[in-house]
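See below for the structure under consideration.
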Amino acid sequence: MDKLWAHLVKVQPAPDPWVVGVSALVALAIVGFTTPWHLSRGLITIAHEGGHALMALLTRRKLEGIRLHSDTSGVTLTRGRPTGPGMVLTALAGYLAPSLLGLGAAWLTSEGRITLLIWAVLLFLVCMLLLIRNLYGALILLATGGAVFALSMYAPGRIQQMVAFLAVWFLLFGGVRPIIELQRKRARRQARDSDADQLARLTILPGGFYVFFFLLVAAASVAAGAYLMNPL
């Protein structure tokens, strides 16, 4: 057990500055261009629904399961009071989760804890798999988890480091775009049941306030993550 823990918390050398810069540019391109974004957006959905699920558990709501769909949408099913702090916090957690997970991952990478980050991601995916309630969701989690496991077992340390930085930047940038897309849909009245509009019905604040709050947290996470990972 001591050897396993020592392996998990071992510190990798600091990355070359170009690793941080190139990984940020690649992640920005993935998020910014339509085709790669559509292919990768499901990973942000995993984080989004995981945020709902975790907060539901923390607020003692009954978690019935998670569904991930091929159009990159998802839904987390919970039971409990239809109003109150637990419901509000559960609805609030989804759009914040990718950015906050990215910020936590940025801290781990800045400390050189790449192995710990990879195994934390694996644990997160296993927990999600236990809660999934549809075949497509199970397949996408198995595929993602398999790729992460293969990375941890077979990739050299430098490759793990590069992929880790790319994943962190992807979470940080990928936490911003869905919020912008949400507001565009709300402006066209195509998102009446969005998290922001559900929160508006649960509280006295309008949906636009929650979109702004989501965006503020996401932008702050990008700035803080960039500060943490700055190699200079």
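Within each chain, counting starts at residue 1; across the structure tokens, chains are named A, B, ... in the order shown, with ligands numbered 1 upward in that order.
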Q: Skip Ser40 of chain A itself and residues of its chain fewer than 4 positions away, then list as a PyMOL selection string all residues within 10 Å of it, counting only C-alpha atoms.
A: chain A and resi 30-31+35-36+44-45+72+170+174
Q: Go through segment 28-206 of chain A and collect every residue that DSSP, computed from the backbone, puts in helix (DSSP H, G or I); the answer should be as a PyMOL selection string.
A: chain A and resi 28-32+34-58+85-110+114-131+135-154+157-174+177-187+195-202
Sorted per-residue table, segment 95-143 of chain A near segment 175-192 of chain A, closest atoms and distance, 8 Å, only C-alpha atoms, as a tab-separated table:
```
residue	atom	partner	partner_atom	distance
A:Tyr95	CA	A:Gly175	CA	7.1
A:Leu96	CA	A:Gly175	CA	7.4
A:Ala97	CA	A:Gly175	CA	7.9
A:Pro98	CA	A:Gly175	CA	5.1
A:Ser99	CA	A:Gly175	CA	4.9
```
Q: Check the DSSP output for the backbone and give back, as a list in words, the residues of segment 14-109 of chain A in strand (DSSP E).
A: Lys62, Leu63, Glu64, Gly65, Ile66, Arg67, Leu68, Gly74, Val75, Thr76, Leu77, Thr78 and Arg79 of chain A
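You can rank A:Ser152, A:Ala105, A:Ala147, A:Leu166 by their closest distance to Val26 of chain A using only C-alpha atoms, and at the top of that list sits A:Leu166.
Minimum atom-to-atom distances from A:Arg201, A:Arg67, A:Arg81, A:Arg113 to Ala53 of chain A were compared using only C-alpha atoms, and the lowest value belongs to A:Arg67.
Each of A:Gly146, A:Gly207, A:Pro17, A:Gly74 was compared to Arg41 of chain A using only C-alpha atoms, and A:Gly74 turns out to be the nearest.
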Q.
Taking 4 positions as the minimum chain separation for residues in the same chain, which residues sit within 9 Å of Arg158 of chain A when counting only C-alpha atoms? Answer as an NGL selection string.
A. :A and (12 or 15 or 162-163)
For the residues in that selection, give me N, CA and C atoms as a short mmCIF file (atom, residue, chain, number, x, y, z; two decimals), in the first residue's frame.
```
data_model
loop_
_atom_site.label_atom_id
_atom_site.label_comp_id
_atom_site.auth_asym_id
_atom_site.auth_seq_id
_atom_site.Cartn_x
_atom_site.Cartn_y
_atom_site.Cartn_z
N GLN A 12 6.52 14.74 -10.86
CA GLN A 12 7.25 14.77 -12.13
C GLN A 12 7.99 16.09 -12.28
N PRO A 15 7.40 20.94 -16.58
CA PRO A 15 7.40 20.81 -18.04
C PRO A 15 8.21 21.92 -18.70
N MET A 162 2.21 15.78 -21.23
CA MET A 162 1.64 16.57 -22.32
C MET A 162 0.13 16.38 -22.42
N VAL A 163 -0.32 15.12 -22.30
CA VAL A 163 -1.76 14.85 -22.37
C VAL A 163 -2.47 15.48 -21.19
#
```
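Comparing A:Leu122, A:Ile132, A:Leu232, A:Val19 by their smallest distance to Gly145 of chain A, the closest is A:Leu122 (using only C-alpha atoms).
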Q | Neighbour list for Trp119 of chain A as a VMD selection string, cut-off 9 Å, only C-alpha atoms, skip fewer than 2 positions in-chain | A | chain A and resid 8 114 to 117 121 to 124 148 to 149 152
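Residues within 10 Å of Ala200 of chain A, counting only C-alpha atoms and excluding same-chain residues fewer than 6 positions away, are Val88, Ser194, Pro206, Gly207, Gly208, Phe209 and Tyr210 of chain A.
For the choices A:Leu172, A:Leu151, A:Leu129, A:Ala106, the atom-to-atom distance to Ile66 of chain A is smallest for A:Leu129 when using only C-alpha atoms.
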(Q) My list of candidates is A:Leu25, A:Ile118, A:Leu199, A:Gly84. Which is closest to Met153 of chain A when distances are computed with only C-alpha atoms? (A) A:Ile118
